[in-house]
Each structure stands twice: as structure tokens, then as C-alpha cells.
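Asks: I'd like to ask some things about the structure below.
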Amino acid sequence: MIEQLPILIIVIPLLSAPLFVLIGNRKIVQLLALAVSWVVFGIAIALLSRVLERGPISYELGNWPSPYGIVYVVDYLSSFVILFVSALGAIVLTYAPPSIKQEIPLSKHYLFYAMYLLCLTGLLGMCITGDLFNVFVFLEISSLSSYALISLGKTRRAPVAALHYLIIGTVGATFFLIGIGLLYQMTGTLNMADIASRVNPDSGSRTILVAFAFMTVGLSVKMAVFPLHTWLPNAYTQAPSVVTSFIAATATKVSVYAFIRLVFGIFTPQFAFEKLPLDQALMVFSLIGIFVASTAAIYQTDVKRMLAYSSVAQIGYMLLGVSMANVSGLTAGITHLFNHALIKGGLFMVVGCFALRIGSVKLDDLRGAGKTMPLTSFAWVIGGLGLIGVPMTAGFISKWLLLTAALELNWWPVAVLMLFSSLLALIYIWRVVEVLYLAEPSARAKSAREAPLMMLVPTYVVIGATIVFGCWTVYSAGLAHNAAMALTGLVESGGMP
Amino acid sequence: MNTFPIIRVITKILIPYILLFGLYVQFHGDFGPGGGFQAGVIFASALILYGLVFGLAELHKVAPPKVIEKMIALGLVIYAGTGLACVLLGGNFLDYNMLEHDFLIDLPSAIDFLPGDKPHHFLPHGQHLGIFLVEFGVGITVTAVMTMIFYAFAGREQVA
């Protein structure tokens with residue numbers, strides 16, 4: 001059974017989603033969903049340890065040999081991304097029940113759980129598959145289910161935000177599909193490794209150039225890179241708190257993963273960064289994105305929207321690392337995928353606790369909540385420190401790696417701008433801390449109670465993890481380094497990090 | 001439309017043939033053109049025609065929205081369940097060869113001992129059964145989704 005793990009991690013959540021609809025009972029579905037999400041996490045751990053022991057695994061669906069059938073590949077990078085996506089999926093789902101009880105009508109809970117697991121399936125599938133068309137299919141599974149999840153939001157603006165995301169997201173996915181079509185035309189295959197060996201980026205073929213352009217822009221929409229990020233703030237703000245925590249922690253990260261695969265696994269970095277000026281373009285857009293989005297975050301009065309803008313900025317840091325195109329830059333980018341998933345997932349979970357007890361996440365209503373909800377507020381402080389990048393937190397590790405990578409390349413201006421941008425994060429985090437601890441309590445905050453343990457414990461697990469992985473980096477930066485080495489072709493097999 | 005006798009009569013004559021054709025496309029799909037998706041659409045078109053002519057309330061009696069919602073999920077369960085059955089039988093996911101139920105193929109020497117005429121060819125029954133079940137799942141889901149889309153557009157109340 002152990003060699004079936006790569007398919008089970010996809011099929012178990014995929015099969016349980018329709019089963020939930022068939023069962024339809026809220027209580028049973030809730031328990032099953034919890035069990036399934038933790039089983040998936042367990043499988044992810046097993047896959048990672050197997051990859052670390054014996055190297056990459058490949059699994060042929062339907063036993064059709066590799067270039068003809070669909071193949072799933074678990075290597076250093078994918079097992080790492082799968083691990084943290086499934087971990088956050090499980091933890092956020094453990095945290096979910098009290099929050100969705102308040103925010104989503106009871107009659108729709110079983111549909112929520114079904115959609116949530118479908119979204120998880122899509123995200124994991126995008127990581128695990130070695131077939132380019134399959135990436136598109138899983139991208140659509142995760143996107144369609146996230147549109148539905150976002151539209152479950154409490155206000156009437158939620159369906160509008162979901163529709164906005166649907167339209168822009170569909171354009172992005174279609175661009176990606178057009179790119180796949182063009183590549184298929186040139187190579188006659190959809191298997192990623194097979195495409196990589198057949199495609200000749202140096203031939204100067206227009207078709208390949210256009211295919212790459214379409215796929216890059218398509219994924220950029222999904223990653224919410226700066227000028228294409230407009231769907232994100234509304235979607236994150238209007239979605240139910242649980243959905244925001246899950247999607248913010250995982251969805252954009254998986255798209256960045258797909259982009260890294262595209263550049264390093266199919267087209268070569270030489271093609272993307274030397275023949276084409278994608279590295280400069282990415283660097284410029286990342287830096288503009290970091291500054292514009294961080295500045296926008298400072299002016300928000302809604303904490304959820306503020307964090308959403310901050311997410312756009314943080315995507316900039318990840319792509320900045322990728323655009324350096326060397327091992328240390330790539331390590332920094334991949335490490336930040338993981339660290340930011342923890343930090344932003346944790347912060348959105350904190351916001352969910354506030355939303356549950358105070359009923360709003362506007363700065364005005366949060367005034368003085370530090371007194372009535374001390375534990376939740378303290379979690380915000382720790383998570384915020386992580387986002388700023390204070391030493392001993394996970395955010396510091398990724399910023400440090402990024403900084404050393406920039407200095408390695410003698411990109412002094414980039415390094416200076418990065419440090420300066422951290423100050424912007426300090427401002428918007430501080431605004432909330434000030435409101436929580438130093439302002440006169442608002443009427444709503446006065447009557448609020450501390451969030452239930454069922455939500456506080458998972459929140460502290462994630463927030464605590466940002467401290468743990470700020471001090472102990474074997475399984476964050478260590479694994480990311482392994483993955484970066486494998487991607488750049490410097491090492492074929494690696495042992496324990 | 002309720003008041004036009006010609007439309008009502010023609011619809012009643014047509015619907016059985018549409019349903020039959022849907023079933024033909026479904027179950028003959030592995031030998032000829034067709035398959036689960038096309039069959040599902042054809043089958044649902046009969047339901048939608050009935051709804052258009054006799055009204056939404058009548059169609060709700062034939063295909064209650066609650067049941068349709070469960071059918072959407074049922075089709076996917078059949079599809080993924082077929083794949084999972086292959087895993088449980090010891091193969092890879094969707095490895096239909098595991099569903100082989102004609103043991104003559106596994107034991108070619110046994111053919112010689114069969115009395116009477118020797119069979120001239122063997123169908124790969126496992127592959128056949130696998131694709132049959134998977135397409136059946138697709139057909140159910142597509143029928144249900146098409147009907148659900150019709151409900152969503154035709155009715156004002158929430159469907160699910």
C-alpha cells in the first residue's frame with residue numbers, strides 16, 4: 001500500500017467531497033472532514049520522509065507508462081510544498097467549526113466541507129502531478145472551489161468579490177491553457193519531463209516564446225503579482241474567515257510553486273532569465289508590488305483587507321528570490337513560501353477569532369480588544385513580528401536568506417529597498433497593535449470574550465510554529481535548499497538536510 | 001406552453017426517444033461515438049424539455065432538486081470509487097486490468113482444455129468494465145449538473 005501513497009493523498013480528499021454531499025449530515029461530515037484532512041497530512045509526512053530517504057518517487061496512473069499516461073512525481077520541492085499545504089489545511093479545518101457556525105448558514109456546512117476538501121485536492125494535485133495538462137485541471141479544481149468558498153461570505157459583497165475573482169481567474173487559467181496548447185503543438189507531449197527534453201528554447205521559435213508568455217501571465221494572475229492582483233483584496237476581505245485563512249496560506253503559494261516548476265523544470269532558467277529579461281521584469285514588478293501594496297495596507301481600516309494587501313506585497317518577496325535565479329535566491333523564495341504560509345495563515349486565524357467575538361474586524365471596533373481578548377491579541381503581536389521579520393521569527397529567516405542572496409549578486413539597491421519595505425510592514429502591524437492595547441475600548445470590544453479554545457489552540461500552533469521555524473530551520477530552509485539544489489541541477493540525490 | 005396541445009403531444013412522443021438515445025450513447029459509447037458526457041447532456045435535455053413545456057413544478061416532481069444534488073456527487077463517487085477499487089485489488093489507480101473477470105486471459109494454457117470451439121479472440125474485459133463504470137459515473141454527474149443549471153436559471157428559489 002505504501003507505493004500507493006502519491007495517489008491516495010489526492011483521491012482521499014477528492015472522494016470524500018462527493019461523499020459529504022451524499023451524507024449531508026452536518027455533524028458526521030464535520031468529523032469526517034477533520035479525519036480526512038489529518039490523514040492527508042499524515043500521508044504528506046510519509047511521502048516527505050520517503051523522498052528524503054530514497055529520492056524522488058513517481059507513480060503511473062492506470063499503470064500506463066510515463067510519457068503516455070499521467071504520472072505523479074514527488075520530489076524535494078513538491079513534497080515540501082505538499083507538506084505545508086496539507087498541514088495548514090488540517091490545522092485550519094480543526095479551527096473552523098466555531099467560526100463557520102457563525103459565518104455560514106448551518107444548512108450549507110456540508111457543502112462548505114466538500115468545497116474545502118476539493119480545494120485542498122486541487123492544490124495538492126497541482127504540486128504532485130508531472131503532467132502539464134493535469135496541472136491545469138487541478139488549477140481549475142482549486143480555483144472553482146475557492147470561488148464557491150469565497151461566495152459563502154456573510155455580506156452580499158461576497159458573491160460580487162467571488163464573481164470578480166472568477167472572471168479574472170478564468171482569464172488567467174485560460175492563458176495557462178493556451179500556453180499548454182502551444183507547447184503541445186511544438187512537442188506533441190504533455191508530460192513535463194518529456195516536454196523539457198523535447199522543447200528547445202534556444203531555437204528562437206516564436207511559438208515557444210508565446211507559449212511561455214501566456215503561461216507566465218496566466219500564473220501571474222493566480223499568484224497575484226502586483227499589477228494583476230486586483231482580485232485578491234476583495235476576495236480575501238469578503239470570504240468567511242476560515243476560507244481566507246486557508247486560501248491566503250496556500251493558494252497563491254501553490255501558484256508560485258507551479259511557476260517555479262515552469263521556469264526551472266520545463267523551460268530553462270537560461271531561457272527565462274538570460275534570453276528573456278524575465279528576471280528584471282519580475283524584480284521590478286516585485287519591488288513595485290512590495291511598496292505599493294504595503295503602502296496600501298497602511299491606509300486600510302479593515303484588518304482583513306490590510307492583510308490581503310500585505311499578501312500581495314509578500315508574493316513580491318517570493319518572486320524576488322526566484323528572479324535571482326541562483327541557488328541562494330531560490331532557497332530564499334521557497335523558504336518564504338513556507339514561512340509566509342505560516343505567518344499569514346496564523347494572522348488570518350487571529351483575525352477570525354476577532355471576527356467571532358467582536359463581529360467585525362474594522363480597526364474602530366477592535367479598539368481595546370487587548371484587554372478582553374488578551375490571548376488572541378498576543379497571538380497577533382507574535383505573528384506581526386514574524387511578518388515584519390524580527391529575529392527569532394520565521395519571517396526573519398526568509399528575509400535574511402533573501403538579503404544574503406541579494407548581496408551575493410551585489411544587488412545593493414534591492415537589499416536596501418527590502419530593508420526599507422520591512423518598515424512599512426512595521427507601520428501597519430503597529431497600527432493594529434496600538435488599537436488593540438492602547439486605545440479606549442469600543443463598545444463591542446468591551447462586551448467581547450476570549451475566543452474559544454477550539455480556535456485558540458490551532459491559532460497558537462501556527463503562530464508558535466513561526467517561532468519554532470525562526471530558530472530551527474532544518475525542515476524549512478534546509479528542505480528548501482535541497483529543493484533549490486535539485487531544481488538548478490546541482491544535485492541529483494540528497495539525503496537528510 | 002401548457003395550452004398548446006400540439007406541443008404537449010409532440011413533447012410526450014419525443015421524450016422517450018430522447019431518453020432512449022441518451023442511454024444508447026451512454027452504453028454504446030465504448031464501441032462507437034459517444035460517452036458519458038454526451039449521453040448526460042442528451043438525457044438532461046429530455047428533462048429540460050419536459051420542464052419547459054409542462055412547467056418547473058411538474059419537473060420538480062420527476063427530478064426533485066434534492067435528489068439531483070445527490071446525483072451530482074454520486075457520479076463522482078462511482079468514478080473515483082472505480083479507481084479506488086483498482087487500488088484495493090492491488091493495481092495502480094484506474095488500472096482497469098485489475099477488474100479482469102475473464103480468467104481465460106490470465107491463463108492462456110487453459111484455453112486448450114476448453115471443450116468445443118476455441119474462442120478466436122478475447123476482449124480485455126477488465127478495461128471494458130472499467131471504462132464502462134467510469135463513463136456511467138460521468139453520465140450521472142453530467143445529467144444532474146445540466147438539470148441543476150436549468151433549475152438555477154429557471155427558478156427563483158435557492159436550489160441547493
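Ligands are numbered from 1 in the order shown, residues from 1 within each chain, and chains are lettered A, B, ... in the order they appear in the C-alpha cells.
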Return as a Markdown table the residues of chain A lying at most 7 Å from chain B, together with the closest atom-to-atom pair for each and the distance in Å to one decimal, counting only C-alpha atoms, with rows in chain order and ascending residue number.
Replies:
```
| residue | atom | partner | partner_atom | distance |
| --- | --- | --- | --- | --- |
| A:Ile7 | CA | B:Phe93 | CA | 7.0 |
| A:Leu15 | CA | B:Val77 | CA | 6.1 |
| A:Pro18 | CA | B:Ala73 | CA | 4.3 |
| A:Leu19 | CA | B:Ala73 | CA | 6.8 |
| A:Val21 | CA | B:Ala73 | CA | 6.2 |
| A:Leu22 | CA | B:Lys70 | CA | 5.4 |
| A:Leu61 | CA | B:Phe93 | CA | 5.5 |
| A:Gly62 | CA | B:Asp95 | CA | 3.7 |
| A:Asn63 | CA | B:Asp95 | CA | 5.7 |
```
Asks: Write out as an MDAnalysis selection string each polymer residue whose atoms come within 12 Å of Ala355 in chain A, counting only C-alpha atoms; drop sequence neighbours fewer than 2 positions from it.
Replies: chainID A and resid 98:100 102:103 154 237 240:242 302:304 348:353 357:363 365:366 369 373 376 444:445 448:451 455
Asks: Store the residues picked out above, limited to N, CA and C atoms, as a short mmCIF file (atom, residue, chain, number, x, y, z; two decimals), in the first residue's frame.
Replies:
```
data_model
loop_
_atom_site.label_atom_id
_atom_site.label_comp_id
_atom_site.auth_asym_id
_atom_site.auth_seq_id
_atom_site.Cartn_x
_atom_site.Cartn_y
_atom_site.Cartn_z
N PRO A 98 -16.23 26.55 15.16
CA PRO A 98 -16.94 27.68 15.78
C PRO A 98 -17.10 28.86 14.83
N SER A 99 -16.07 29.09 14.02
CA SER A 99 -16.09 30.25 13.14
C SER A 99 -17.15 30.12 12.05
N ILE A 100 -17.22 28.95 11.41
CA ILE A 100 -18.19 28.84 10.31
C ILE A 100 -19.61 28.73 10.85
N GLN A 102 -20.82 30.59 12.93
CA GLN A 102 -21.32 31.96 12.99
C GLN A 102 -21.44 32.58 11.60
N GLU A 103 -20.54 32.21 10.70
CA GLU A 103 -20.46 32.95 9.44
C GLU A 103 -21.17 32.29 8.28
N LYS A 154 -20.43 36.36 4.47
CA LYS A 154 -21.65 36.77 5.15
C LYS A 154 -22.39 37.90 4.42
N THR A 237 -11.11 39.75 1.66
CA THR A 237 -11.87 40.50 2.66
C THR A 237 -13.27 39.94 2.83
N PRO A 240 -15.47 34.08 4.09
CA PRO A 240 -15.51 33.73 5.51
C PRO A 240 -14.08 33.62 6.07
N SER A 241 -13.92 33.90 7.37
CA SER A 241 -12.57 33.95 7.95
C SER A 241 -11.77 32.67 7.71
N VAL A 242 -12.45 31.53 7.86
CA VAL A 242 -11.76 30.25 7.70
C VAL A 242 -11.23 30.11 6.28
N ASP A 302 -9.90 48.13 7.50
CA ASP A 302 -10.38 46.77 7.73
C ASP A 302 -9.15 45.87 7.83
N VAL A 303 -9.01 45.15 8.95
CA VAL A 303 -7.78 44.39 9.18
C VAL A 303 -7.61 43.28 8.14
N LYS A 304 -8.74 42.66 7.75
CA LYS A 304 -8.65 41.60 6.75
C LYS A 304 -8.09 42.15 5.43
N PHE A 348 -4.37 35.46 9.78
CA PHE A 348 -5.78 35.43 9.38
C PHE A 348 -6.60 34.62 10.38
N MET A 349 -5.99 33.62 11.00
CA MET A 349 -6.70 32.86 12.03
C MET A 349 -6.97 33.75 13.24
N VAL A 350 -6.00 34.59 13.58
CA VAL A 350 -6.21 35.54 14.68
C VAL A 350 -7.37 36.46 14.34
N VAL A 351 -7.37 36.95 13.09
CA VAL A 351 -8.45 37.85 12.68
C VAL A 351 -9.79 37.13 12.75
N GLY A 352 -9.78 35.83 12.43
CA GLY A 352 -11.02 35.05 12.53
C GLY A 352 -11.53 35.00 13.96
N CYS A 353 -10.61 34.91 14.93
CA CYS A 353 -11.01 34.91 16.35
C CYS A 353 -11.67 36.25 16.70
N ARG A 357 -15.73 36.97 18.00
CA ARG A 357 -16.14 37.54 19.27
C ARG A 357 -16.60 38.99 19.16
N ILE A 358 -16.01 39.73 18.24
CA ILE A 358 -16.35 41.15 18.15
C ILE A 358 -17.36 41.39 17.03
N GLY A 359 -17.37 40.48 16.05
CA GLY A 359 -18.37 40.60 14.99
C GLY A 359 -17.96 41.52 13.88
N SER A 360 -16.76 42.04 13.96
CA SER A 360 -16.27 42.94 12.91
C SER A 360 -14.76 42.97 13.03
N VAL A 361 -14.10 43.29 11.93
CA VAL A 361 -12.65 43.40 12.01
C VAL A 361 -12.21 44.78 11.57
N LYS A 362 -13.10 45.76 11.73
CA LYS A 362 -12.71 47.15 11.46
C LYS A 362 -11.84 47.63 12.62
N LEU A 363 -10.86 48.47 12.30
CA LEU A 363 -9.96 48.96 13.36
C LEU A 363 -10.74 49.63 14.48
N ASP A 365 -13.67 48.97 15.67
CA ASP A 365 -14.34 48.04 16.57
C ASP A 365 -13.35 47.24 17.39
N LEU A 366 -12.11 47.14 16.90
CA LEU A 366 -11.11 46.35 17.62
C LEU A 366 -10.50 47.13 18.78
N ALA A 369 -9.40 45.73 22.38
CA ALA A 369 -9.67 44.29 22.50
C ALA A 369 -8.55 43.57 23.23
N MET A 373 -9.60 40.30 25.09
CA MET A 373 -9.14 39.10 24.39
C MET A 373 -7.61 39.07 24.41
N THR A 376 -5.70 36.24 22.17
CA THR A 376 -5.81 36.47 20.74
C THR A 376 -4.93 37.64 20.34
N ARG A 444 -18.15 47.29 21.41
CA ARG A 444 -18.14 45.88 21.04
C ARG A 444 -17.01 45.12 21.73
N ALA A 445 -15.83 45.77 21.81
CA ALA A 445 -14.69 45.08 22.40
C ALA A 445 -14.92 44.86 23.89
N ALA A 448 -16.79 41.75 24.55
CA ALA A 448 -16.25 40.54 23.92
C ALA A 448 -15.63 39.63 24.97
N ARG A 449 -15.65 38.33 24.66
CA ARG A 449 -14.96 37.36 25.50
C ARG A 449 -13.77 36.82 24.73
N GLU A 450 -12.89 36.10 25.46
CA GLU A 450 -11.77 35.44 24.78
C GLU A 450 -12.31 34.39 23.80
N ALA A 451 -11.59 34.19 22.70
CA ALA A 451 -12.03 33.20 21.70
C ALA A 451 -12.01 31.81 22.31
N MET A 455 -10.50 27.33 18.84
CA MET A 455 -9.87 28.17 17.83
C MET A 455 -8.51 28.65 18.29
#
```
Asks: Taking into account only C-alpha atoms, which residue in the set A:Ala90, A:Ile343, A:Leu319, A:Ala486 is nearest to Pro13 in chain A?
Replies: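 Counting only C-alpha atoms, the residue closest to Pro13 in chain A is A:Ala90.
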Asks: If you measure from CA of Leu424 in chain A to CA of Thr295 in chain A, what distance in Å do you get, rounded to one decimal?
Replies: 6.8 Å
Asks: Which value, in Å to one decimal, gives the distance between CA of Leu31 in chain A and CA of Tyr110 in chain A?
Replies: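 If I compute the distance from CA of Leu31 in chain A to CA of Tyr110 in chain A, I get 10.9 Å.
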Asks: Skipping near chain neighbours, those fewer than 6 positions away, what residues fall within 12 Å of range 43-59 of chain B using only C-alpha atoms, listed as a PyMOL selection string?
Replies: chain B and resi 1-26+35-37+65+68+139-157
